[in-house]
$ cat structure.tsv   # TSV, C-alpha atoms
chain	number	residue	atom	x	y	z
Y	1245	MET	CA	104.59	58.08	94.73
Y	1246	ALA	CA	103.92	54.48	95.72
Y	1247	LEU	CA	101.47	55.75	98.34
Y	1248	LEU	CA	99.62	57.90	95.83
Y	1249	THR	CA	99.41	54.97	93.38
Y	1250	LEU	CA	97.94	52.80	96.15
Y	1251	MET	CA	95.44	55.56	96.96
Y	1252	ALA	CA	94.38	55.73	93.32
Y	1253	ALA	CA	93.96	51.94	93.28
Y	1254	VAL	CA	91.84	52.07	96.45
Y	1255	THR	CA	89.68	54.82	94.92
Y	1256	ILE	CA	89.03	52.72	91.81
Y	1257	GLY	CA	88.10	49.84	94.10
Y	1258	VAL	CA	85.65	52.05	96.01
Y	1259	VAL	CA	83.99	53.17	92.78
Y	1260	ARG	CA	83.74	49.68	91.25
Y	1261	LEU	CA	82.68	47.59	94.25
Y	1262	ARG	CA	78.98	47.14	95.02
Y	1263	ASN	CA	79.48	45.56	98.45
Y	1264	LEU	CA	79.26	48.47	100.89
Y	1265	PHE	CA	81.09	46.60	103.66
Y	1266	ALA	CA	84.15	46.30	101.42
Y	1267	VAL	CA	83.76	49.96	100.42
Y	1268	VAL	CA	83.81	51.08	104.07
Y	1269	ILE	CA	86.94	49.05	104.78
Y	1270	LEU	CA	88.58	50.43	101.62
Y	1271	GLY	CA	87.67	53.92	102.81
Y	1272	SER	CA	89.45	53.18	106.08
Y	1273	ILE	CA	92.51	51.96	104.14
Y	1274	TYR	CA	92.37	55.15	102.08
Y	1275	SER	CA	92.48	57.20	105.28
Y	1276	PHE	CA	95.48	55.27	106.55
Y	1277	LEU	CA	97.29	55.84	103.25
Y	1278	MET	CA	96.40	59.53	103.48
Y	1279	ALA	CA	97.84	59.61	107.01
Y	1280	SER	CA	101.06	58.04	105.69
Y	1281	VAL	CA	101.25	60.69	102.97
Y	1282	LEU	CA	100.85	63.40	105.63
Y	1283	ILE	CA	103.67	61.84	107.66
Y	1284	VAL	CA	105.86	61.96	104.55
Y	1285	LEU	CA	104.95	65.65	104.30
Y	1286	ASP	CA	106.07	66.10	107.96
Y	1287	ALA	CA	102.56	67.04	109.12
Y	1288	VAL	CA	102.46	64.58	112.02
Y	1289	ASP	CA	99.61	66.30	113.89
Y	1290	VAL	CA	97.35	66.20	110.85
Y	1291	ALA	CA	98.36	62.60	110.14
Y	1292	MET	CA	97.35	61.65	113.68
Y	1293	THR	CA	93.96	63.31	113.25
Y	1294	GLU	CA	93.41	61.64	109.89
Y	1295	ALA	CA	94.31	58.20	111.25
Y	1296	SER	CA	92.11	58.50	114.34
Y	1297	VAL	CA	89.09	60.29	112.84
Y	1298	GLY	CA	89.17	59.18	109.21
Y	1299	ALA	CA	90.27	55.60	109.65
Y	1300	GLY	CA	88.97	54.99	113.16
Y	1301	ILE	CA	85.81	56.78	114.25
Y	1302	SER	CA	84.19	57.38	110.87
Y	1303	THR	CA	84.75	53.74	109.85
Y	1304	VAL	CA	83.02	52.61	113.04
Y	1305	LEU	CA	80.11	55.00	112.42
Y	1306	MET	CA	79.84	53.79	108.81
Y	1307	LEU	CA	79.77	50.16	109.98
Y	1308	GLY	CA	77.12	51.12	112.53
Y	1309	THR	CA	75.07	52.61	109.71
Y	1310	LEU	CA	75.58	49.49	107.56
Y	1311	TYR	CA	74.21	47.40	110.42
Y	1312	LEU	CA	70.98	49.43	110.14
Y	1313	THR	CA	70.73	49.24	106.34
Y	1314	LYS	CA	71.52	46.84	103.51
Y	1315	THR	CA	75.16	46.02	102.73
Y	1316	GLU	CA	74.64	45.81	98.96
Y	1317	GLU	CA	74.55	48.99	96.90
Y	1318	ALA	CA	71.51	49.26	94.62
Y	1319	ALA	CA	72.23	49.29	90.88
Y	1320	PRO	CA	72.24	52.87	89.52
Y	1321	LYS	CA	69.02	53.91	87.76
Y	1322	HIS	CA	70.47	56.70	85.61
Y	1323	SER	CA	73.18	56.54	83.01
Y	1324	PRO	CA	76.56	57.61	84.42
Y	1325	VAL	CA	77.31	60.02	81.53
Y	1326	LEU	CA	76.11	63.27	83.13
Y	1327	PRO	CA	77.76	62.71	86.56
Y	1328	LEU	CA	80.96	61.65	84.76
Y	1329	PHE	CA	80.86	64.84	82.69
Y	1330	VAL	CA	80.37	66.99	85.83
Y	1331	ALA	CA	83.19	65.18	87.63
Y	1332	VAL	CA	85.59	65.55	84.70
Y	1333	VAL	CA	84.82	69.27	84.31
Y	1334	THR	CA	85.24	69.93	88.06
Y	1335	ALA	CA	88.48	67.97	88.15
Y	1336	SER	CA	89.93	69.83	85.18
Y	1337	VAL	CA	88.97	73.19	86.71
Y	1338	LEU	CA	90.68	72.16	89.98
Y	1339	ILE	CA	93.81	70.93	88.18
Y	1340	TYR	CA	93.87	74.15	86.14
Y	1341	GLY	CA	93.70	76.02	89.48
Y	1342	THR	CA	96.72	74.17	90.88
Y	1343	LEU	CA	98.85	75.45	87.97
Y	1344	ASP	CA	98.77	78.91	89.56
Y	1345	LEU	CA	99.83	77.67	93.00
Y	1346	PRO	CA	103.45	78.20	94.07
Y	1347	ARG	CA	105.69	75.15	93.94
Y	1348	PHE	CA	105.65	72.88	97.01
Y	1349	GLY	CA	108.03	74.17	99.69
Y	1350	GLU	CA	108.69	77.47	97.91
Y	1351	PRO	CA	110.06	79.82	100.64
Y	1352	ASN	CA	108.97	83.11	99.03
Y	1353	THR	CA	105.20	82.52	99.07
Y	1354	ALA	CA	102.82	84.68	101.09
Y	1355	VAL	CA	102.21	81.90	103.66
Y	1356	HIS	CA	105.86	81.89	104.69
Y	1357	GLN	CA	106.25	85.68	104.72
Y	1358	ASN	CA	103.85	87.29	107.21
Y	1359	VAL	CA	103.22	85.83	110.66
Y	1360	ALA	CA	104.74	82.35	110.27
Y	1361	PRO	CA	108.39	83.39	110.87
Y	1362	ARG	CA	107.34	85.30	113.99
Y	1363	TYR	CA	105.46	82.27	115.37
Y	1364	LEU	CA	108.44	80.02	114.65
Y	1365	SER	CA	111.03	82.29	116.24
Y	1366	LYS	CA	109.05	83.59	119.24
Y	1367	SER	CA	106.94	80.56	120.20
Y	1368	ILE	CA	109.27	79.13	122.87
Y	1369	GLU	CA	110.11	82.54	124.30
Y	1370	GLU	CA	106.46	83.63	124.56
Y	1371	THR	CA	104.67	80.40	125.47
Y	1372	THR	CA	107.42	77.95	126.60
Y	1373	VAL	CA	105.74	75.33	124.39
Y	1374	PRO	CA	108.23	73.62	122.05
Y	1375	ASN	CA	105.55	72.24	119.68
Y	1376	VAL	CA	104.69	75.25	117.52
Y	1377	VAL	CA	101.56	73.53	116.19
Y	1378	THR	CA	100.15	73.45	119.72
Y	1379	SER	CA	101.10	77.03	120.55
Y	1380	VAL	CA	99.63	78.36	117.29
Y	1381	LEU	CA	96.44	76.32	117.69
Y	1382	ALA	CA	95.77	77.04	121.33
Y	1383	SER	CA	97.35	80.45	121.92
Y	1384	TYR	CA	98.04	82.55	118.82
Y	1385	ARG	CA	94.93	81.24	117.12
Y	1386	GLY	CA	92.93	80.53	120.28
Y	1387	PHE	CA	89.82	82.19	118.89
Y	1388	ASP	CA	89.79	79.86	115.88
Y	1389	THR	CA	90.18	76.82	118.09
Y	1390	LEU	CA	87.33	78.00	120.32
Y	1391	GLY	CA	85.18	78.27	117.19
Y	1392	GLU	CA	86.33	74.81	116.11
Y	1393	THR	CA	85.37	73.32	119.47
Y	1394	THR	CA	81.99	75.02	119.22
Y	1395	VAL	CA	81.51	73.47	115.78
Y	1396	ILE	CA	82.16	69.99	117.21
Y	1397	PHE	CA	79.75	70.77	120.06
Y	1398	THR	CA	77.11	71.91	117.57
Y	1399	ALA	CA	77.62	68.78	115.46
Y	1400	GLY	CA	77.15	66.55	118.50
Y	1401	ILE	CA	74.00	68.37	119.58
Y	1402	GLY	CA	72.65	68.23	116.01
Y	1403	VAL	CA	73.16	64.48	115.71
Y	1404	LEU	CA	71.60	63.95	119.14
Y	1405	LEU	CA	68.53	66.02	118.23
Y	1406	LEU	CA	68.08	64.25	114.89
Y	1407	LEU	CA	68.48	60.68	116.10
Y	1408	LYS	CA	66.82	60.97	119.51
Y	1409	GLY	CA	63.90	63.08	118.31
Y	1410	ARG	CA	63.05	60.61	115.55
Y	1411	ARG	CA	63.17	57.66	117.91
Y	1412	LYS	CA	60.68	59.29	120.27
Y	1413	LYS	CA	58.28	60.01	117.41
Y	1414	ALA	CA	58.55	56.41	116.21
Y	1415	GLU	CA	57.70	55.18	119.70
Y	1416	ASN	CA	54.64	57.42	119.80
Y	1417	LYS	CA	53.51	56.11	116.41
Y	1418	THR	CA	53.70	52.47	117.43
Y	1419	GLY	CA	51.84	53.41	120.61
Y	1420	ASP	CA	49.00	54.94	118.55
Y	1421	ASN	CA	48.77	51.90	116.29
Y	1422	ALA	CA	48.50	49.54	119.21
J	345	MET	CA	76.00	38.95	122.51
J	346	ARG	CA	78.26	36.05	121.68
J	347	PHE	CA	81.13	35.22	123.97
J	348	ASP	CA	84.29	35.72	121.90
J	349	LEU	CA	87.05	34.76	124.29
J	350	ILE	CA	90.01	35.90	122.17
J	351	LEU	CA	88.41	39.24	121.31
J	352	ARG	CA	87.46	39.92	124.92
J	353	VAL	CA	90.87	39.07	126.37
J	354	THR	CA	92.72	41.06	123.71
J	355	ALA	CA	90.42	44.05	124.14
J	356	LYS	CA	90.85	43.96	127.90
J	357	LEU	CA	94.62	43.96	127.41
J	358	LEU	CA	94.48	46.83	124.94
J	359	LEU	CA	91.99	49.15	126.67
J	360	PRO	CA	94.25	50.55	129.44
J	361	PHE	CA	97.05	51.18	126.95
J	362	ILE	CA	94.72	53.04	124.59
J	363	LEU	CA	93.59	55.25	127.48
J	364	LEU	CA	97.19	55.77	128.56
J	365	PHE	CA	98.15	56.69	125.01
J	366	ALA	CA	95.25	59.18	124.87
J	367	LEU	CA	96.48	60.83	128.07
J	368	TYR	CA	100.04	60.83	126.71
J	369	VAL	CA	98.92	62.52	123.49
J	370	GLN	CA	96.93	65.00	125.59
J	371	PHE	CA	99.64	66.06	128.01
J	372	HIS	CA	102.62	65.56	125.73
J	373	GLY	CA	100.98	67.67	123.04
J	374	ASP	CA	103.11	70.62	124.16
J	375	PHE	CA	106.28	68.75	123.24
J	376	GLY	CA	105.35	66.26	120.54
J	377	PRO	CA	102.60	65.80	117.98
J	378	GLY	CA	99.05	65.71	119.25
J	379	GLY	CA	96.80	67.71	121.49
J	380	GLY	CA	93.28	67.84	122.83
J	381	PHE	CA	91.55	66.92	119.60
J	382	GLN	CA	93.58	63.80	118.80
J	383	ALA	CA	93.60	62.67	122.43
J	384	GLY	CA	89.83	63.12	122.63
J	385	VAL	CA	89.29	60.98	119.56
J	386	ILE	CA	91.59	58.25	120.91
J	387	ALA	CA	89.79	58.23	124.26
J	388	ALA	CA	86.44	58.01	122.47
J	389	ALA	CA	87.83	55.15	120.38
J	390	MET	CA	88.59	53.30	123.60
J	391	ILE	CA	84.99	53.66	124.82
J	392	ILE	CA	83.72	52.60	121.38
J	393	LEU	CA	85.98	49.51	121.36
J	394	TYR	CA	84.65	48.60	124.79
J	395	ALA	CA	81.08	49.05	123.58
J	396	ILE	CA	81.67	46.92	120.48
J	397	ILE	CA	83.24	44.03	122.38
J	398	PHE	CA	81.22	44.03	125.60
J	399	GLY	CA	77.93	45.46	124.40
J	400	LEU	CA	76.37	48.90	124.56
J	401	SER	CA	74.75	48.42	127.97
J	402	ALA	CA	78.08	47.48	129.57
J	403	ALA	CA	79.69	50.58	128.07
J	404	LYS	CA	76.82	52.74	129.34
J	405	ARG	CA	77.39	51.36	132.84
J	406	VAL	CA	81.02	52.51	132.70
J	407	VAL	CA	80.38	55.78	130.87
J	408	PRO	CA	76.72	56.75	131.43
J	409	GLN	CA	74.88	58.54	128.64
J	410	GLY	CA	73.88	61.39	130.95
J	411	LEU	CA	77.50	61.99	131.88
J	412	VAL	CA	78.72	62.28	128.28
J	413	GLU	CA	75.77	64.47	127.36
J	414	THR	CA	76.74	66.83	130.19
J	415	LEU	CA	80.39	66.78	129.15
J	416	VAL	CA	79.64	67.85	125.55
J	417	PRO	CA	78.93	71.52	126.46
J	418	MET	CA	81.29	71.36	129.46
J	419	GLY	CA	84.41	71.38	127.28
J	420	VAL	CA	83.27	74.49	125.38
J	421	LEU	CA	82.49	76.11	128.74
J	422	ILE	CA	86.01	75.31	130.04
J	423	PHE	CA	87.50	76.86	126.89
J	424	ALA	CA	85.30	79.96	127.02
J	425	GLY	CA	85.72	80.13	130.82
J	426	VAL	CA	89.49	80.44	130.43
J	427	GLY	CA	88.79	83.38	128.12
J	428	ILE	CA	86.49	85.00	130.69
J	429	ALA	CA	89.06	84.38	133.45
J	430	THR	CA	91.73	86.22	131.44
J	431	LEU	CA	89.27	89.11	131.01
J	432	PHE	CA	88.83	89.34	134.79
J	433	LEU	CA	92.59	89.15	135.34
J	434	GLY	CA	93.09	92.23	133.20
J	435	GLY	CA	94.00	90.76	129.83
J	436	ASN	CA	92.22	90.41	126.52
J	437	TYR	CA	89.85	87.53	125.83
J	438	LEU	CA	91.92	84.31	125.66
J	439	ASP	CA	95.13	86.24	126.38
J	440	TYR	CA	96.70	83.59	128.62
J	441	SER	CA	99.59	85.84	129.65
J	442	ALA	CA	97.16	87.43	132.12
J	443	LEU	CA	96.93	84.15	134.04
J	444	ASN	CA	100.36	84.74	135.53
J	445	HIS	CA	101.50	88.37	135.71
J	446	ASP	CA	104.98	87.59	137.05
J	447	ASP	CA	105.81	85.18	134.24
J	448	PRO	CA	103.60	85.71	131.16
J	449	ALA	CA	105.16	82.74	129.33
J	450	HIS	CA	104.17	80.45	132.19
J	451	GLY	CA	100.66	81.89	132.02
J	452	GLN	CA	100.58	81.01	128.33
J	453	HIS	CA	101.59	77.44	129.13
J	454	LEU	CA	98.89	77.11	131.77
J	455	GLY	CA	96.26	78.61	129.45
J	456	ILE	CA	97.18	76.21	126.63
J	457	LEU	CA	96.95	73.26	129.04
J	458	LEU	CA	93.48	74.29	130.28
J	459	VAL	CA	92.18	75.02	126.81
J	460	GLU	CA	93.43	71.65	125.51
J	461	ILE	CA	91.56	69.95	128.35
J	462	GLY	CA	88.41	71.75	127.21
J	463	VAL	CA	88.94	70.54	123.64
J	464	PHE	CA	89.59	67.00	124.91
J	465	VAL	CA	86.38	66.93	126.96
J	466	THR	CA	84.16	68.18	124.16
J	467	VAL	CA	85.70	66.04	121.39
J	468	SER	CA	85.74	62.77	123.32
J	469	SER	CA	82.21	63.17	124.68
J	470	THR	CA	80.81	64.29	121.31
J	471	MET	CA	82.28	61.26	119.54
J	472	THR	CA	80.91	58.97	122.24
J	473	VAL	CA	77.48	60.60	122.15
J	474	ILE	CA	77.28	60.25	118.36
J	475	PHE	CA	78.30	56.60	118.62
J	476	TYR	CA	75.73	55.93	121.35
J	477	ALA	CA	73.04	57.62	119.26
J	478	PHE	CA	73.92	55.56	116.17
J	479	VAL	CA	74.19	52.19	117.87
J	480	GLY	CA	71.28	52.72	120.25
J	481	ARG	CA	68.78	52.96	117.41
J	482	GLY	CA	68.47	49.26	116.63
J	483	ARG	CA	67.01	48.03	113.37

$ encode --input "structure.tsv" --output "structure tokens"
Amino acid sequence: MALLTLMAAVTIGVVRLRNLFAVVILGSIYSFLMASVLIVLDAVDVAMTEASVGAGISTVLMLGTLYLTKTEEAAPKHSPVLPLFVAVVTASVLIYGTLDLPRFGEPNTAVHQNVAPRYLSKSIEETTVPNVVTSVLASYRGFDTLGETTVIFTAGIGVLLLLKGRRKKAENKTGDNA
Amino acid sequence: MRFDLILRVTAKLLLPFILLFALYVQFHGDFGPGGGFQAGVIAAAMIILYAIIFGLSAAKRVVPQGLVETLVPMGVLIFAGVGIATLFLGGNYLDYSALNHDDPAHGQHLGILLVEIGVFVTVSSTMTVIFYAFVGRGR
């Protein structure tokens, strides 16, 4: 509960602050709090990912972007009423949706009925890997993980194409002007 | 590049331990939390820390841009290659049991290890490549 309150406080800070440097650091703090929440929920693997990607790499990339741009957010040109309305409606729809979800940790839900018990009971026997998260990720759901790796590959190639291609064009332009 | 003595000394102390921790997360992922993805990110974080403290050109001397750009598809190829290898050994695609017919469970273990290495290679090199691309742009 304390963690969630802190997260809410950080979110309000992110919305209210105009200094983007502070916003990036607050975003990193938010990720760390999220990682702590995930540890409380016993999802250590996810917490590790959140701490390293959310708080680490993306903060560095954001700071790298800030170095290229201004660190002060421009004052908004439009009135905040319409975005606020959209946000409130979306949030209420989402909260309404959670009412239908099973209670947290409920053993009789569909997720805990089909393949999960088999993974949990057979993982060591079939793969000799004690960490079920690893055996599900890499073996039982190997196809998904291959797709995931391909997505990361595609993302890397996409960023490379965007950033490198533009730089080459810019060089050509300056060459023409000179 | 300014010469920040404290930052440089501390970073130099930290770097080997970060790399060691990445390798630990990678190879201990079978027993504890972690795996290829997390280890890849941690390894990339080490390269990024090095680049921030010692400058981009120093980092590119240690980890050349061409090398990381080659490693980005290499990880996917390792992953998919394991799948192809299991096909040739008489199993289904990505059915690691085919890697060791006498002891299918051991084959599974080997397959998971290889596949995690593939994930590690792609994730760490992709993160590094994105960082290089961002920082290399200049104002």

$ interface_residues --input "structure.tsv" --of "chain J" --to "chain Y" --cutoff "9 Å" --atoms "all atoms listed in the file" --output "PyMOL selection string"
chain J and resi 373-379+381-382+385-386+388-389+392+413+416-417+419-420+423-424+437-441+448-453+455-457+459-460+462-463+466-467+469-471+473-475+477-479+481-483

$ write_last_selection --input "structure.tsv" --atoms "C-alpha atoms" --output "compact mmCIF listing (two decimals), keeping the file's coordinate frame"
# COMPACT_ATOMS: atom_id res chain seq x y z
CA GLY J 373 100.98 67.67 123.04
CA ASP J 374 103.11 70.62 124.16
CA PHE J 375 106.28 68.75 123.24
CA GLY J 376 105.35 66.26 120.54
CA PRO J 377 102.60 65.80 117.98
CA GLY J 378 99.05 65.71 119.25
CA GLY J 379 96.80 67.71 121.49
CA PHE J 381 91.55 66.92 119.60
CA GLN J 382 93.58 63.80 118.80
CA VAL J 385 89.29 60.98 119.56
CA ILE J 386 91.59 58.25 120.91
CA ALA J 388 86.44 58.01 122.47
CA ALA J 389 87.83 55.15 120.38
CA ILE J 392 83.72 52.60 121.38
CA GLU J 413 75.77 64.47 127.36
CA VAL J 416 79.64 67.85 125.55
CA PRO J 417 78.93 71.52 126.46
CA GLY J 419 84.41 71.38 127.28
CA VAL J 420 83.27 74.49 125.38
CA PHE J 423 87.50 76.86 126.89
CA ALA J 424 85.30 79.96 127.02
CA TYR J 437 89.85 87.53 125.83
CA LEU J 438 91.92 84.31 125.66
CA ASP J 439 95.13 86.24 126.38
CA TYR J 440 96.70 83.59 128.62
CA SER J 441 99.59 85.84 129.65
CA PRO J 448 103.60 85.71 131.16
CA ALA J 449 105.16 82.74 129.33
CA HIS J 450 104.17 80.45 132.19
CA GLY J 451 100.66 81.89 132.02
CA GLN J 452 100.58 81.01 128.33
CA HIS J 453 101.59 77.44 129.13
CA GLY J 455 96.26 78.61 129.45
CA ILE J 456 97.18 76.21 126.63
CA LEU J 457 96.95 73.26 129.04
CA VAL J 459 92.18 75.02 126.81
CA GLU J 460 93.43 71.65 125.51
CA GLY J 462 88.41 71.75 127.21
CA VAL J 463 88.94 70.54 123.64
CA THR J 466 84.16 68.18 124.16
CA VAL J 467 85.70 66.04 121.39
CA SER J 469 82.21 63.17 124.68
CA THR J 470 80.81 64.29 121.31
CA MET J 471 82.28 61.26 119.54
CA VAL J 473 77.48 60.60 122.15
CA ILE J 474 77.28 60.25 118.36
CA PHE J 475 78.30 56.60 118.62
CA ALA J 477 73.04 57.62 119.26
CA PHE J 478 73.92 55.56 116.17
CA VAL J 479 74.19 52.19 117.87
CA ARG J 481 68.78 52.96 117.41
CA GLY J 482 68.47 49.26 116.63
CA ARG J 483 67.01 48.03 113.37

$ residues_around --input "structure.tsv" --residues "Thr1315 (chain Y)" --least-positions-apart "4" --cutoff "9 Å" --atoms "only C-alpha atoms" --output "PDB file with C-alpha atoms, in the frame of the given file"
ATOM      1  CA  ARG Y1262      78.980  47.140  95.020  1.00  0.00           C
ATOM      2  CA  ASN Y1263      79.480  45.560  98.450  1.00  0.00           C
ATOM      3  CA  LEU Y1264      79.260  48.470 100.890  1.00  0.00           C
ATOM      4  CA  PHE Y1265      81.090  46.600 103.660  1.00  0.00           C
ATOM      5  CA  LEU Y1310      75.580  49.490 107.560  1.00  0.00           C
ATOM      6  CA  TYR Y1311      74.210  47.400 110.420  1.00  0.00           C
TER       7      TYR Y1311
END

$ atom_distance --input "structure.tsv" --atom1 "CA of Asn444 (chain J)" --atom2 "CA of Ala429 (chain J)"
11.5 Å

$ atom_distance --input "structure.tsv" --atom1 "CA of Thr1255 (chain Y)" --atom2 "CA of Leu1326 (chain Y)"
19.9 Å

$ atom_distance --input "structure.tsv" --atom1 "CA of Ala1252 (chain Y)" --atom2 "CA of Ser1323 (chain Y)"
23.6 Å

$ closest_residue --input "structure.tsv" --among "J:Phe464, J:Phe347, J:Phe432, J:Phe371" --to "Ala387 (chain J)" --atoms "only C-alpha atoms"
J:Phe464

$ residues_around --input "structure.tsv" --residues "Ala395 (chain J)" --least-positions-apart "2" --cutoff "12 Å" --atoms "all atoms listed in the file" --output "PyMOL selection string"
(chain Y and resi 1304+1308) or (chain J and resi 345+352+355-356+359+388-393+397-408+472+475-476+479-480)

$ axis_aligned_box --input "structure.tsv" --around "region 459-467 of chain J" --padding-each-side "4 Å" --output "AutoDock Vina command-line options"
--center_x 88.8 --center_y 70.5 --center_z 124.9 --size_x 17.3 --size_y 17.0 --size_z 15.0

$ residues_near_point --input "structure.tsv" --point "(91.0, 50.1, 104.9)" --cutoff "12 Å" --atoms "all atoms listed in the file" --output "mmCIF file with C-alpha atoms, keeping the file's coordinate frame"
data_model
loop_
_atom_site.group_PDB
_atom_site.id
_atom_site.type_symbol
_atom_site.label_atom_id
_atom_site.label_comp_id
_atom_site.auth_asym_id
_atom_site.auth_seq_id
_atom_site.Cartn_x
_atom_site.Cartn_y
_atom_site.Cartn_z
ATOM 1 C CA LEU Y 1250 97.940 52.800 96.150
ATOM 2 C CA MET Y 1251 95.440 55.560 96.960
ATOM 3 C CA VAL Y 1254 91.840 52.070 96.450
ATOM 4 C CA THR Y 1255 89.680 54.820 94.920
ATOM 5 C CA GLY Y 1257 88.100 49.840 94.100
ATOM 6 C CA VAL Y 1258 85.650 52.050 96.010
ATOM 7 C CA PHE Y 1265 81.090 46.600 103.660
ATOM 8 C CA ALA Y 1266 84.150 46.300 101.420
ATOM 9 C CA VAL Y 1267 83.760 49.960 100.420
ATOM 10 C CA VAL Y 1268 83.810 51.080 104.070
ATOM 11 C CA ILE Y 1269 86.940 49.050 104.780
ATOM 12 C CA LEU Y 1270 88.580 50.430 101.620
ATOM 13 C CA GLY Y 1271 87.670 53.920 102.810
ATOM 14 C CA SER Y 1272 89.450 53.180 106.080
ATOM 15 C CA ILE Y 1273 92.510 51.960 104.140
ATOM 16 C CA TYR Y 1274 92.370 55.150 102.080
ATOM 17 C CA SER Y 1275 92.480 57.200 105.280
ATOM 18 C CA PHE Y 1276 95.480 55.270 106.550
ATOM 19 C CA LEU Y 1277 97.290 55.840 103.250
ATOM 20 C CA MET Y 1278 96.400 59.530 103.480
ATOM 21 C CA ALA Y 1279 97.840 59.610 107.010
ATOM 22 C CA ALA Y 1295 94.310 58.200 111.250
ATOM 23 C CA GLY Y 1298 89.170 59.180 109.210
ATOM 24 C CA ALA Y 1299 90.270 55.600 109.650
ATOM 25 C CA GLY Y 1300 88.970 54.990 113.160
ATOM 26 C CA SER Y 1302 84.190 57.380 110.870
ATOM 27 C CA THR Y 1303 84.750 53.740 109.850
ATOM 28 C CA VAL Y 1304 83.020 52.610 113.040
#

$ decode --input "structure.tsv" --residues "region 358-373 of chain J" --atoms "N, CA and C atoms" --output "mmCIF file, in the first residue's frame"
data_model
loop_
_atom_site.group_PDB
_atom_site.id
_atom_site.type_symbol
_atom_site.label_atom_id
_atom_site.label_comp_id
_atom_site.auth_asym_id
_atom_site.auth_seq_id
_atom_site.Cartn_x
_atom_site.Cartn_y
_atom_site.Cartn_z
ATOM 1 N N LEU J 358 33.310 -0.767 -10.608
ATOM 2 C CA LEU J 358 31.997 -1.409 -10.751
ATOM 3 C C LEU J 358 31.899 -2.296 -11.991
ATOM 4 N N LEU J 359 32.567 -1.860 -13.097
ATOM 5 C CA LEU J 359 32.336 -2.510 -14.394
ATOM 6 C C LEU J 359 32.502 -4.029 -14.362
ATOM 7 N N PRO J 360 33.645 -4.569 -13.828
ATOM 8 C CA PRO J 360 33.768 -6.031 -13.866
ATOM 9 C C PRO J 360 32.670 -6.741 -13.084
ATOM 10 N N PHE J 361 32.213 -6.104 -11.976
ATOM 11 C CA PHE J 361 31.179 -6.771 -11.182
ATOM 12 C C PHE J 361 29.842 -6.766 -11.911
ATOM 13 N N ILE J 362 29.572 -5.686 -12.663
ATOM 14 C CA ILE J 362 28.325 -5.656 -13.439
ATOM 15 C C ILE J 362 28.341 -6.775 -14.479
ATOM 16 N N LEU J 363 29.505 -6.915 -15.157
ATOM 17 C CA LEU J 363 29.606 -7.971 -16.176
ATOM 18 C C LEU J 363 29.468 -9.344 -15.537
ATOM 19 N N LEU J 364 30.114 -9.512 -14.368
ATOM 20 C CA LEU J 364 30.026 -10.793 -13.668
ATOM 21 C C LEU J 364 28.582 -11.089 -13.283
ATOM 22 N N PHE J 365 27.883 -10.031 -12.805
ATOM 23 C CA PHE J 365 26.490 -10.224 -12.408
ATOM 24 C C PHE J 365 25.636 -10.601 -13.624
ATOM 25 N N ALA J 366 25.929 -9.974 -14.780
ATOM 26 C CA ALA J 366 25.191 -10.318 -15.996
ATOM 27 C C ALA J 366 25.378 -11.797 -16.328
ATOM 28 N N LEU J 367 26.649 -12.254 -16.248
ATOM 29 C CA LEU J 367 26.907 -13.663 -16.566
ATOM 30 C C LEU J 367 26.239 -14.576 -15.548
ATOM 31 N N TYR J 368 26.236 -14.137 -14.274
ATOM 32 C CA TYR J 368 25.564 -14.926 -13.230
ATOM 33 C C TYR J 368 24.074 -15.045 -13.528
ATOM 34 N N VAL J 369 23.452 -13.908 -13.856
ATOM 35 C CA VAL J 369 22.016 -13.932 -14.163
ATOM 36 C C VAL J 369 21.761 -14.830 -15.372
ATOM 37 N N GLN J 370 22.705 -14.767 -16.349
ATOM 38 C CA GLN J 370 22.543 -15.584 -17.555
ATOM 39 C C GLN J 370 22.581 -17.077 -17.223
ATOM 40 N N PHE J 371 23.642 -17.504 -16.545
ATOM 41 C CA PHE J 371 23.835 -18.946 -16.394
ATOM 42 C C PHE J 371 23.160 -19.512 -15.154
ATOM 43 N N HIS J 372 22.757 -18.623 -14.233
ATOM 44 C CA HIS J 372 22.033 -19.103 -13.073
ATOM 45 C C HIS J 372 20.530 -19.003 -13.293
ATOM 46 N N GLY J 373 20.132 -18.537 -14.496
ATOM 47 C CA GLY J 373 18.720 -18.374 -14.784
ATOM 48 C C GLY J 373 17.932 -19.665 -14.695
#
